[in-house]
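Participant: Supplied structure: model.txt, compact mmCIF, C-alpha atoms and all ligand atoms.
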# COMPACT_ATOMS: atom_id res chain seq x y z
CA MET A 692 49.81 -25.03 -73.34
CA LYS A 693 47.82 -21.80 -72.95
CA LYS A 694 44.06 -22.12 -73.04
CA TYR A 695 42.44 -19.47 -75.22
CA VAL A 696 38.74 -18.81 -75.63
CA VAL A 697 37.49 -16.92 -78.68
CA THR A 698 33.88 -15.73 -78.57
CA GLY A 699 32.68 -15.28 -82.13
CA GLY A 700 35.43 -17.68 -83.23
CA ALA A 701 33.37 -18.99 -86.16
CA GLY A 702 32.94 -15.47 -87.52
CA PHE A 703 35.06 -13.65 -90.04
CA ILE A 704 37.61 -12.02 -87.71
CA GLY A 705 37.32 -14.69 -85.00
CA SER A 706 38.11 -17.54 -87.39
CA THR A 707 41.31 -15.79 -88.46
CA LEU A 708 42.27 -15.20 -84.83
CA VAL A 709 41.66 -18.91 -84.10
CA ARG A 710 44.23 -19.81 -86.77
CA THR A 711 46.71 -17.26 -85.35
CA LEU A 712 46.34 -18.74 -81.86
CA LEU A 713 46.72 -22.32 -83.08
CA ASN A 714 49.88 -21.29 -84.96
CA ALA A 715 51.16 -19.75 -81.72
CA GLY A 716 50.74 -23.14 -80.06
CA GLY A 717 47.62 -22.55 -77.99
CA GLU A 718 44.64 -24.70 -77.08
CA VAL A 719 41.55 -22.97 -78.51
CA ALA A 720 37.91 -23.13 -77.46
CA VAL A 721 35.36 -21.25 -79.54
CA ILE A 722 32.02 -19.92 -78.31
CA ASP A 723 29.70 -19.03 -81.19
CA ASN A 724 25.94 -19.24 -81.73
CA LEU A 725 26.45 -19.39 -85.52
CA LEU A 726 24.09 -16.44 -86.02
CA SER A 727 26.49 -14.66 -88.35
CA GLY A 728 29.39 -17.11 -87.98
CA HIS A 729 29.63 -20.38 -89.89
CA GLU A 730 31.16 -23.71 -89.00
CA LYS A 731 32.72 -23.78 -92.47
CA ASN A 732 34.90 -20.82 -91.42
CA VAL A 733 36.81 -23.14 -89.09
CA LEU A 734 36.50 -26.30 -91.19
CA GLU A 735 40.17 -26.95 -91.85
CA VAL A 736 41.03 -26.48 -88.14
CA ARG A 737 37.85 -28.14 -86.85
CA ASP A 738 39.64 -31.12 -85.27
CA ARG A 739 42.12 -28.83 -83.46
CA ILE A 740 39.55 -26.68 -81.63
CA LYS A 741 36.61 -27.15 -79.29
CA LEU A 742 33.53 -25.52 -80.82
CA HIS A 743 30.79 -24.68 -78.29
CA ILE A 744 27.59 -23.59 -80.01
CA LEU A 745 26.36 -21.24 -77.29
CA ASP A 746 24.87 -17.78 -77.01
CA ILE A 747 26.96 -15.30 -75.02
CA ARG A 748 23.80 -14.01 -73.32
CA ASP A 749 23.60 -17.36 -71.49
CA GLY A 750 26.04 -16.70 -68.66
CA THR A 751 25.48 -20.09 -67.02
CA ALA A 752 26.26 -22.00 -70.23
CA ILE A 753 29.40 -20.07 -71.18
CA ALA A 754 30.93 -20.01 -67.66
CA PRO A 755 32.47 -23.52 -67.74
CA VAL A 756 34.06 -22.86 -71.14
CA ILE A 757 35.63 -19.60 -69.95
CA ASP A 758 36.60 -20.82 -66.48
CA GLY A 759 40.38 -20.91 -65.93
CA ALA A 760 41.30 -19.73 -69.46
CA ASP A 761 44.56 -17.86 -69.89
CA THR A 762 43.03 -15.32 -72.31
CA VAL A 763 39.51 -14.69 -73.54
CA PHE A 764 39.18 -12.82 -76.83
CA HIS A 765 35.68 -11.37 -76.89
CA LEU A 766 34.72 -10.85 -80.53
CA ALA A 767 31.15 -12.17 -80.57
CA ALA A 768 28.74 -9.38 -81.54
CA ILE A 769 25.96 -8.42 -83.87
CA PRO A 770 27.92 -6.07 -86.10
CA SER A 771 26.79 -3.33 -88.48
CA VAL A 772 25.83 0.28 -87.91
CA PRO A 773 22.68 0.14 -90.12
CA ARG A 774 21.53 -3.15 -88.59
CA SER A 775 21.66 -1.56 -85.14
CA ILE A 776 19.45 1.27 -86.43
CA ASP A 777 16.95 -1.08 -88.12
CA GLU A 778 16.84 -3.55 -85.19
CA PRO A 779 18.32 -1.92 -82.08
CA ARG A 780 17.12 -4.46 -79.49
CA PRO A 781 18.94 -7.64 -80.64
CA SER A 782 22.22 -5.79 -81.11
CA HIS A 783 21.76 -4.10 -77.72
CA GLU A 784 21.13 -7.45 -76.04
CA VAL A 785 24.07 -9.24 -77.61
CA ASN A 786 26.57 -6.40 -77.68
CA ILE A 787 25.89 -5.05 -74.19
CA ASP A 788 24.15 -7.79 -72.14
CA GLY A 789 26.13 -10.58 -73.81
CA THR A 790 29.37 -8.67 -73.32
CA PHE A 791 28.58 -8.29 -69.61
CA GLU A 792 28.06 -12.06 -69.33
CA VAL A 793 31.43 -12.77 -70.98
CA PHE A 794 33.25 -10.28 -68.74
CA ASN A 795 31.48 -11.61 -65.65
CA ALA A 796 32.35 -15.23 -66.49
CA ALA A 797 35.97 -14.21 -67.12
CA ALA A 798 36.26 -12.36 -63.80
CA LYS A 799 34.64 -15.20 -61.85
CA GLY A 800 36.63 -17.83 -63.74
CA LYS A 801 39.97 -16.17 -62.85
CA VAL A 802 40.92 -15.56 -66.46
CA ARG A 803 44.34 -13.91 -66.72
CA ARG A 804 43.36 -11.41 -69.42
CA LEU A 805 40.46 -10.48 -71.66
CA VAL A 806 40.94 -8.78 -75.03
CA TYR A 807 37.79 -6.96 -76.17
CA ALA A 808 36.91 -6.16 -79.78
CA ALA A 809 35.83 -2.52 -79.58
CA SER A 810 35.05 -0.39 -82.63
CA SER A 811 36.37 2.70 -84.34
CA SER A 812 32.74 3.79 -84.62
CA ALA A 813 33.05 5.05 -81.02
CA TYR A 814 34.92 8.12 -82.34
CA GLY A 815 31.94 9.23 -84.44
CA ASP A 816 32.45 12.29 -86.59
CA SER A 817 35.20 14.01 -84.63
CA GLU A 818 36.78 16.26 -87.26
CA THR A 819 40.43 15.68 -86.47
CA LEU A 820 42.28 12.88 -88.23
CA PRO A 821 43.92 10.63 -87.25
CA LYS A 822 41.68 9.53 -84.40
CA ILE A 823 43.67 9.29 -81.20
CA GLU A 824 42.68 7.23 -78.16
CA THR A 825 42.54 10.36 -75.97
CA MET A 826 39.74 11.94 -78.03
CA PRO A 827 36.29 11.88 -76.43
CA ALA A 828 33.91 9.22 -77.74
CA LYS A 829 31.02 10.56 -79.83
CA PRO A 830 28.95 7.54 -80.86
CA LYS A 831 26.53 8.22 -83.76
CA SER A 832 24.62 4.93 -83.83
CA PRO A 833 23.33 2.26 -81.43
CA TYR A 834 26.16 -0.02 -82.58
CA ALA A 835 28.76 2.62 -81.69
CA VAL A 836 27.13 3.16 -78.28
CA GLN A 837 27.07 -0.59 -77.60
CA LYS A 838 30.70 -1.13 -78.52
CA TYR A 839 31.71 1.89 -76.43
CA VAL A 840 29.76 0.62 -73.40
CA GLY A 841 31.80 -2.60 -73.71
CA GLU A 842 34.99 -0.54 -73.47
CA LEU A 843 33.74 1.21 -70.34
CA TYR A 844 32.81 -2.14 -68.83
CA ALA A 845 36.23 -3.56 -69.76
CA SER A 846 38.00 -0.79 -67.89
CA VAL A 847 35.69 -1.13 -64.87
CA PHE A 848 36.14 -4.91 -64.77
CA THR A 849 39.85 -4.19 -64.43
CA SER A 850 39.48 -1.56 -61.71
CA CYS A 851 36.64 -3.14 -59.71
CA PHE A 852 37.05 -6.88 -60.25
CA GLY A 853 40.77 -7.30 -61.01
CA LEU A 854 40.21 -8.76 -64.50
CA GLU A 855 43.00 -7.58 -66.81
CA THR A 856 41.35 -6.23 -69.96
CA VAL A 857 42.61 -4.60 -73.14
CA ALA A 858 40.14 -3.04 -75.58
CA LEU A 859 41.09 -2.75 -79.26
CA ARG A 860 39.11 -0.41 -81.48
CA PHE A 861 38.97 -2.31 -84.79
CA PHE A 862 39.03 -0.07 -87.87
CA ASN A 863 37.02 -1.52 -90.82
CA VAL A 864 38.52 -4.97 -90.94
CA TYR A 865 38.48 -6.85 -94.26
CA GLY A 866 39.86 -10.08 -95.68
CA PRO A 867 39.00 -13.71 -96.42
CA ARG A 868 35.78 -15.19 -94.98
CA GLN A 869 33.97 -11.85 -94.59
CA ASP A 870 30.41 -12.79 -95.50
CA PRO A 871 29.05 -10.77 -98.45
CA SER A 872 25.56 -12.28 -98.36
CA SER A 873 23.69 -9.73 -96.24
CA ALA A 874 22.55 -6.17 -96.86
CA TYR A 875 24.56 -5.38 -93.70
CA SER A 876 27.81 -6.92 -94.98
CA GLY A 877 31.04 -4.92 -94.82
CA ILE A 878 31.68 -2.82 -97.92
CA LEU A 879 34.83 -4.64 -99.04
CA SER A 880 33.09 -8.03 -99.07
CA LEU A 881 30.34 -6.45 -101.21
CA PHE A 882 32.90 -4.87 -103.55
CA MET A 883 34.57 -8.29 -103.98
CA LYS A 884 31.26 -9.97 -104.75
CA HIS A 885 30.34 -7.36 -107.36
CA LEU A 886 33.80 -7.29 -108.91
CA ILE A 887 33.76 -11.04 -109.47
CA ALA A 888 30.18 -10.99 -110.79
CA ARG A 889 31.05 -7.95 -112.97
CA THR A 890 28.10 -6.03 -111.52
CA ALA A 891 27.96 -2.48 -110.15
CA PRO A 892 28.05 -2.00 -106.37
CA THR A 893 25.87 0.69 -104.80
CA ILE A 894 27.83 3.33 -102.96
CA PHE A 895 25.87 5.27 -100.33
CA GLY A 896 26.54 9.00 -100.69
CA ASP A 897 29.26 10.42 -102.95
CA GLY A 898 31.84 7.71 -102.22
CA GLU A 899 34.26 10.28 -100.83
CA GLN A 900 33.85 8.96 -97.28
CA SER A 901 37.05 7.27 -96.18
CA ARG A 902 37.98 4.34 -93.97
CA ASP A 903 41.16 2.92 -92.46
CA PHE A 904 40.71 -0.51 -94.04
CA THR A 905 42.66 -3.02 -91.95
CA TYR A 906 43.62 -6.49 -93.11
CA VAL A 907 42.25 -9.21 -90.86
CA GLU A 908 45.59 -10.95 -90.24
CA ASP A 909 47.07 -7.71 -88.90
CA VAL A 910 44.16 -7.42 -86.48
CA ALA A 911 44.55 -11.03 -85.34
CA ALA A 912 48.28 -10.48 -84.75
CA LEU A 913 47.51 -7.38 -82.70
CA CYS A 914 44.97 -9.30 -80.58
CA LEU A 915 47.71 -11.76 -79.61
CA LYS A 916 50.09 -8.91 -78.79
CA ALA A 917 47.40 -7.29 -76.64
CA ALA A 918 47.07 -10.59 -74.76
CA ASN A 919 50.76 -10.60 -73.87
CA ALA A 920 51.88 -6.97 -73.50
CA ALA A 921 52.89 -5.76 -70.03
CA GLY A 922 51.45 -2.74 -68.24
CA VAL A 923 48.36 -2.29 -70.42
CA ALA A 924 45.52 -3.65 -68.24
CA GLY A 925 42.39 -1.51 -68.41
CA LYS A 926 43.55 0.38 -71.51
CA MET A 927 42.10 0.90 -75.00
CA PHE A 928 44.11 1.03 -78.25
CA ASN A 929 43.34 1.63 -81.91
CA ALA A 930 43.63 -1.41 -84.17
CA GLY A 931 44.09 0.23 -87.58
CA ASN A 932 46.74 0.90 -90.22
CA GLY A 933 47.08 4.65 -89.93
CA SER A 934 46.01 5.21 -93.55
CA HIS A 935 42.66 5.88 -95.17
CA TYR A 936 41.08 5.42 -98.58
CA THR A 937 37.79 6.63 -99.98
CA LEU A 938 35.25 4.13 -101.30
CA ASN A 939 35.77 5.62 -104.78
CA GLN A 940 39.53 4.98 -104.53
CA ILE A 941 39.07 1.38 -103.40
CA TRP A 942 36.54 0.59 -106.13
CA SER A 943 38.95 2.08 -108.73
CA MET A 944 41.86 0.01 -107.40
CA LEU A 945 39.79 -3.15 -107.58
CA GLN A 946 38.67 -2.46 -111.15
CA GLU A 947 42.29 -1.87 -112.13
CA MET A 948 43.37 -5.13 -110.53
CA GLU A 949 40.85 -6.99 -112.69
CA GLY A 950 41.28 -4.80 -115.80
CA VAL A 951 37.56 -3.96 -115.94
CA LYS A 952 35.46 -0.79 -116.00
CA ILE A 953 32.24 -1.03 -113.98
CA PRO A 954 30.95 2.37 -112.85
CA ALA A 955 29.41 2.17 -109.36
CA LYS A 956 25.80 3.20 -108.72
CA TYR A 957 25.28 5.92 -106.14
CA GLY A 958 22.47 6.01 -103.58
CA PRO A 959 21.50 8.34 -100.73
CA PRO A 960 23.91 8.62 -97.77
CA ARG A 961 23.40 6.07 -95.00
CA ALA A 962 22.04 7.10 -91.57
CA GLY A 963 24.60 6.95 -88.78
CA ASP A 964 27.52 6.93 -91.26
CA VAL A 965 30.81 8.47 -90.23
CA ARG A 966 32.51 10.61 -92.90
CA HIS A 967 36.21 9.90 -92.35
CA SER A 968 38.02 7.37 -90.23
CA MET A 969 41.73 6.82 -89.75
CA ALA A 970 43.62 5.48 -86.75
CA ASP A 971 46.55 6.99 -84.96
CA THR A 972 48.71 3.92 -84.37
CA ALA A 973 51.44 5.41 -82.15
CA ALA A 974 50.10 4.04 -78.86
CA ALA A 975 49.52 0.53 -80.25
CA LYS A 976 53.04 0.57 -81.69
CA ALA A 977 54.68 1.83 -78.51
CA GLU A 978 52.76 -0.22 -75.94
CA LEU A 979 51.67 -3.34 -77.84
CA GLY A 980 54.45 -3.62 -80.44
CA HIS A 981 51.89 -3.30 -83.25
CA ALA A 982 53.50 -3.63 -86.71
CA PRO A 983 50.91 -3.99 -89.50
CA LYS A 984 52.37 -6.05 -92.36
CA PHE A 985 49.81 -5.66 -95.12
CA THR A 986 49.57 -2.66 -97.43
CA ILE A 987 46.15 -2.01 -98.94
CA GLU A 988 47.38 -3.47 -102.26
CA ASP A 989 48.58 -6.68 -100.55
CA GLY A 990 45.41 -6.99 -98.52
CA LEU A 991 43.08 -6.38 -101.48
CA SER A 992 44.88 -8.85 -103.71
CA LYS A 993 44.95 -11.59 -101.05
CA THR A 994 41.28 -10.97 -100.33
CA LEU A 995 40.33 -11.00 -104.01
CA ALA A 996 42.22 -14.27 -104.54
CA TRP A 997 40.29 -15.83 -101.67
CA TYR A 998 36.88 -14.68 -102.97
CA LYS A 999 37.73 -15.95 -106.44
CA GLY A 1000 38.44 -19.35 -104.95
CA SER A 1001 35.32 -19.47 -102.84
CA LEU A 1002 32.45 -17.62 -104.56
C1 LIG B 1 31.64 0.48 -88.80
C2 LIG B 1 32.90 0.80 -88.01
C3 LIG B 1 33.81 -0.41 -87.98
C4 LIG B 1 33.05 -1.61 -87.48
C5 LIG B 1 31.86 -1.87 -88.41
C6 LIG B 1 31.03 -3.07 -87.95
C7 LIG B 1 33.26 3.19 -88.46
C8 LIG B 1 34.15 4.20 -89.04
N1 LIG B 1 33.61 1.92 -88.64
O1 LIG B 1 32.00 0.32 -90.12
O2 LIG B 1 34.89 -0.15 -87.10
O3 LIG B 1 33.86 -2.71 -87.45
O4 LIG B 1 31.03 -0.72 -88.37
O5 LIG B 1 29.96 -3.31 -88.78
O6 LIG B 1 32.26 3.48 -87.83
N2 LIG B 1 28.52 1.32 -97.93
C9 LIG B 1 28.15 1.54 -99.26
N3 LIG B 1 27.44 0.56 -99.89
C10 LIG B 1 27.08 -0.60 -99.27
C11 LIG B 1 27.47 -0.82 -97.93
C12 LIG B 1 28.19 0.17 -97.29
O7 LIG B 1 28.45 2.57 -99.84
O8 LIG B 1 26.42 -1.44 -99.92
C13 LIG B 1 29.31 2.37 -97.27
C14 LIG B 1 28.77 2.80 -95.93
O9 LIG B 1 27.77 3.78 -96.06
C15 LIG B 1 30.05 3.33 -95.27
C16 LIG B 1 31.16 2.44 -95.86
O10 LIG B 1 30.60 1.84 -97.02
O11 LIG B 1 30.29 4.66 -95.65
C17 LIG B 1 31.60 1.34 -94.92
O12 LIG B 1 30.45 0.67 -94.45
P1 LIG B 1 30.56 -0.70 -93.63
O13 LIG B 1 31.45 -1.64 -94.34
O14 LIG B 1 29.17 -1.12 -93.29
O15 LIG B 1 31.36 -0.29 -92.32
P2 LIG B 1 31.24 1.00 -91.34
O16 LIG B 1 29.84 1.28 -91.01
O17 LIG B 1 32.13 2.07 -91.83
Take the structure in this file and express it as structure tokens.
Facilitator:
Amino acid sequence: MKKYVVTGGAGFIGSTLVRTLLNAGGEVAVIDNLLSGHEKNVLEVRDRIKLHILDIRDGTAIAPVIDGADTVFHLAAIPSVPRSIDEPRPSHEVNIDGTFEVFNAAAKGKVRRLVYAASSSAYGDSETLPKIETMPAKPKSPYAVQKYVGELYASVFTSCFGLETVALRFFNVYGPRQDPSSAYSGILSLFMKHLIARTAPTIFGDGEQSRDFTYVEDVAALCLKAANAAGVAGKMFNAGNGSHYTLNQIWSMLQEMEGVKIPAKYGPPRAGDVRHSMADTAAAKAELGHAPKFTIEDGLSKTLAWYKGSL
């Protein structure tokens, strides 16, 4: 049985990936410090995984968990563009120093492959859409810089230390278990919370900014494909749908789904915000066999059903 390690496995995306790996028949160890992850996210699979409550900045503590794994999926991070602007040091330390410790432990522990959760924020405001992997990175926020540094490290760990790595630039992932309780929460979790409470969300700017919202199960499936594809070591791929919707469109779709009319409030634009984001998916399709299954309608309705059952 393959041994998988998921850093950030008690988080929103990580906990979905854990389920995908268990379904694929793997043995799964999770490293999570429960800063933004929650044990309840892995509750129904708790007896099938090993949960190590550890901080990725502690290289000595995480090394024995990572040692000899088939694949490490490195998802642990302090997310959020605005959080990295308000508090740059903690996100720098976790997203760059912690990432180094995970890569170092994987190289030393003879891990076969490491899949790194990079971010679409690395593209910044490049005007051309869709965003293609060959475009230069133009990070606009500390978070985007940090995630991009991780990509550079991933590629160098392949070339200098022989660790096979694949970086996936996640595009605005949404779905069940995304935590809506913080001011830094992802917009779709906030929309869900407001829709269910019948309250108005605040949209920063005019709401015409667009994102390639990607359903979490599609991202988890792509992570597993990235772990197994041949000839991709040291490369980076987009993990998106290849479509984009404005915040105004998404809020309208959600109101329609519930048959309600709740006009959003509008606030000033957010610092570090990217205007438009949409992935080119050709490389991920050709080299990783990426085949997203969920349309935005499917993803939104599955997500809404989950929030209704849990909030
Ligand atoms: C960015 C990255 C994404 C990454 C995520 C991690 C881009 C294009 N995407 O997402 O890949 O995974 O960081 O945190 O850089 N907003 C509101 N009201 C709110 C909250 C947010 O209008 O209450 C707006 C934001 O200003 C933004 C959009 O919603 O325009 C999405 O914000 P958010 O969900 O925080 O994600 P990004 O910053 O786009």
Participant: Atom CA of Leu766 of chain A to atom C10 of ligand LIG 1 (chain B): how many Å, to one decimal?
Facilitator: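 According to the coordinates, atom CA of Leu766 of chain A and atom C10 of ligand LIG 1 (chain B) are separated by 22.7 Å.
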Participant: Set the distance at 8 Å and use only C-alpha atoms: which residues neighbour segment 726-738 of chain A once local chain neighbours fewer than 6 positions away are removed? I'd like the list as number ranges by chain.
Facilitator: A: 699-703, 706, 710, 769, 868
Participant: Near Ile887 of chain A, counting only C-alpha atoms, which residues have an atom at most 9 Å away, once you skip same-chain residues fewer than 2 positions from it, shown as a list in words?
Facilitator: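 Selected residues are Phe882, Met883, Lys884, His885, Arg889, Thr890, Glu949, Leu995, Tyr998, Lys999 and Leu1002 of chain A.
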Participant: Can you write out the residues you just picked, keeping C-alpha atoms, as a compact mmCIF listing (two decimals), in the coordinates of the input?
Facilitator:
# COMPACT_ATOMS: atom_id res chain seq x y z
CA PHE A 882 32.90 -4.87 -103.55
CA MET A 883 34.57 -8.29 -103.98
CA LYS A 884 31.26 -9.97 -104.75
CA HIS A 885 30.34 -7.36 -107.36
CA ARG A 889 31.05 -7.95 -112.97
CA THR A 890 28.10 -6.03 -111.52
CA GLU A 949 40.85 -6.99 -112.69
CA LEU A 995 40.33 -11.00 -104.01
CA TYR A 998 36.88 -14.68 -102.97
CA LYS A 999 37.73 -15.95 -106.44
CA LEU A 1002 32.45 -17.62 -104.56
Participant: So that I can check the surroundings of Gly896 of chain A, please list as a VMD selection string every protein, DNA and RNA residue that reaches within 7 Å of it, counting all atoms listed in the file and ignoring chain neighbours fewer than 4 positions away.
Facilitator: chain A and resid 957 to 960
Participant: Around ligand LIG 1 (chain B), which protein and nucleic acid residues have at least one atom no more than 6 Å from it, if we count only C-alpha atoms and all ligand atoms? List them as a list of chain:residue names.
Facilitator: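 I would give the residues around ligand LIG 1 (chain B) as A:Pro770, A:Ser771, A:Val772, A:Ser810, A:Ser811, A:Ser812, A:Phe861, A:Phe862, A:Asn863, A:Gly877, A:Ile878, A:Thr893, A:Ile894, A:Phe895, A:Gln900, A:Arg961, A:Asp964, A:Val965, A:Ser968.
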Participant: Can you patch up segment 744-763 of chain A, filling it in to N, CA, C and O atoms, and show the result as an mmCIF file, in the coordinates of the input?
Facilitator:
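Ended up saving to out.cif:
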data_model
loop_
_atom_site.group_PDB
_atom_site.id
_atom_site.type_symbol
_atom_site.label_atom_id
_atom_site.label_comp_id
_atom_site.auth_asym_id
_atom_site.auth_seq_id
_atom_site.Cartn_x
_atom_site.Cartn_y
_atom_site.Cartn_z
ATOM 1 N N ILE A 744 28.634 -24.388 -79.363
ATOM 2 C CA ILE A 744 27.590 -23.590 -80.010
ATOM 3 C C ILE A 744 26.679 -23.040 -78.910
ATOM 4 O O ILE A 744 25.735 -23.697 -78.463
ATOM 5 N N LEU A 745 27.032 -21.860 -78.448
ATOM 6 C CA LEU A 745 26.360 -21.240 -77.290
ATOM 7 C C LEU A 745 26.159 -19.764 -77.562
ATOM 8 O O LEU A 745 26.924 -19.148 -78.312
ATOM 9 N N ASP A 746 25.158 -19.207 -76.887
ATOM 10 C CA ASP A 746 24.870 -17.780 -77.010
ATOM 11 C C ASP A 746 25.530 -17.061 -75.834
ATOM 12 O O ASP A 746 25.368 -17.493 -74.683
ATOM 13 N N ILE A 747 26.239 -15.981 -76.109
ATOM 14 C CA ILE A 747 26.960 -15.300 -75.020
ATOM 15 C C ILE A 747 26.023 -14.680 -73.979
ATOM 16 O O ILE A 747 26.456 -14.343 -72.883
ATOM 17 N N ARG A 748 24.733 -14.543 -74.322
ATOM 18 C CA ARG A 748 23.800 -14.010 -73.320
ATOM 19 C C ARG A 748 23.496 -15.033 -72.229
ATOM 20 O O ARG A 748 22.940 -14.685 -71.197
ATOM 21 N N ASP A 749 23.860 -16.292 -72.466
ATOM 22 C CA ASP A 749 23.600 -17.360 -71.490
ATOM 23 C C ASP A 749 24.827 -17.536 -70.601
ATOM 24 O O ASP A 749 25.697 -18.374 -70.842
ATOM 25 N N GLY A 750 24.878 -16.713 -69.550
ATOM 26 C CA GLY A 750 26.040 -16.700 -68.660
ATOM 27 C C GLY A 750 26.346 -18.053 -68.040
ATOM 28 O O GLY A 750 27.505 -18.445 -67.890
ATOM 29 N N THR A 751 25.283 -18.785 -67.683
ATOM 30 C CA THR A 751 25.480 -20.090 -67.020
ATOM 31 C C THR A 751 26.135 -21.082 -67.993
ATOM 32 O O THR A 751 27.010 -21.865 -67.605
ATOM 33 N N ALA A 752 25.723 -21.036 -69.251
ATOM 34 C CA ALA A 752 26.260 -22.000 -70.230
ATOM 35 C C ALA A 752 27.703 -21.680 -70.612
ATOM 36 O O ALA A 752 28.510 -22.597 -70.816
ATOM 37 N N ILE A 753 28.038 -20.405 -70.704
ATOM 38 C CA ILE A 753 29.400 -20.070 -71.180
ATOM 39 C C ILE A 753 30.437 -20.138 -70.049
ATOM 40 O O ILE A 753 31.634 -20.282 -70.322
ATOM 41 N N ALA A 754 29.976 -20.072 -68.785
ATOM 42 C CA ALA A 754 30.930 -20.010 -67.660
ATOM 43 C C ALA A 754 31.934 -21.168 -67.651
ATOM 44 O O ALA A 754 33.144 -20.929 -67.528
ATOM 45 N N PRO A 755 31.487 -22.435 -67.795
ATOM 46 C CA PRO A 755 32.470 -23.520 -67.740
ATOM 47 C C PRO A 755 33.490 -23.496 -68.872
ATOM 48 O O PRO A 755 34.615 -23.986 -68.702
ATOM 49 N N VAL A 756 33.109 -22.933 -70.018
ATOM 50 C CA VAL A 756 34.060 -22.860 -71.140
ATOM 51 C C VAL A 756 35.142 -21.822 -70.829
ATOM 52 O O VAL A 756 36.331 -22.004 -71.120
ATOM 53 N N ILE A 757 34.730 -20.730 -70.206
ATOM 54 C CA ILE A 757 35.630 -19.600 -69.950
ATOM 55 C C ILE A 757 36.491 -19.839 -68.699
ATOM 56 O O ILE A 757 37.638 -19.357 -68.622
ATOM 57 N N ASP A 758 35.950 -20.610 -67.772
ATOM 58 C CA ASP A 758 36.600 -20.820 -66.480
ATOM 59 C C ASP A 758 38.068 -21.251 -66.629
ATOM 60 O O ASP A 758 38.368 -22.199 -67.347
ATOM 61 N N GLY A 759 38.969 -20.522 -65.971
ATOM 62 C CA GLY A 759 40.380 -20.910 -65.930
ATOM 63 C C GLY A 759 41.159 -20.667 -67.209
ATOM 64 O O GLY A 759 42.330 -21.067 -67.307
ATOM 65 N N ALA A 760 40.565 -19.992 -68.218
ATOM 66 C CA ALA A 760 41.300 -19.730 -69.460
ATOM 67 C C ALA A 760 42.446 -18.755 -69.194
ATOM 68 O O ALA A 760 42.369 -17.929 -68.271
ATOM 69 N N ASP A 761 43.488 -18.850 -69.982
ATOM 70 C CA ASP A 761 44.560 -17.860 -69.890
ATOM 71 C C ASP A 761 44.052 -16.523 -70.451
ATOM 72 O O ASP A 761 44.135 -15.488 -69.786
ATOM 73 N N THR A 762 43.525 -16.548 -71.682
ATOM 74 C CA THR A 762 43.030 -15.320 -72.310
ATOM 75 C C THR A 762 41.694 -15.595 -72.985
ATOM 76 O O THR A 762 41.536 -16.611 -73.665
ATOM 77 N N VAL A 763 40.772 -14.676 -72.788
ATOM 78 C CA VAL A 763 39.510 -14.690 -73.540
ATOM 79 C C VAL A 763 39.563 -13.546 -74.535
ATOM 80 O O VAL A 763 39.876 -12.401 -74.166
#
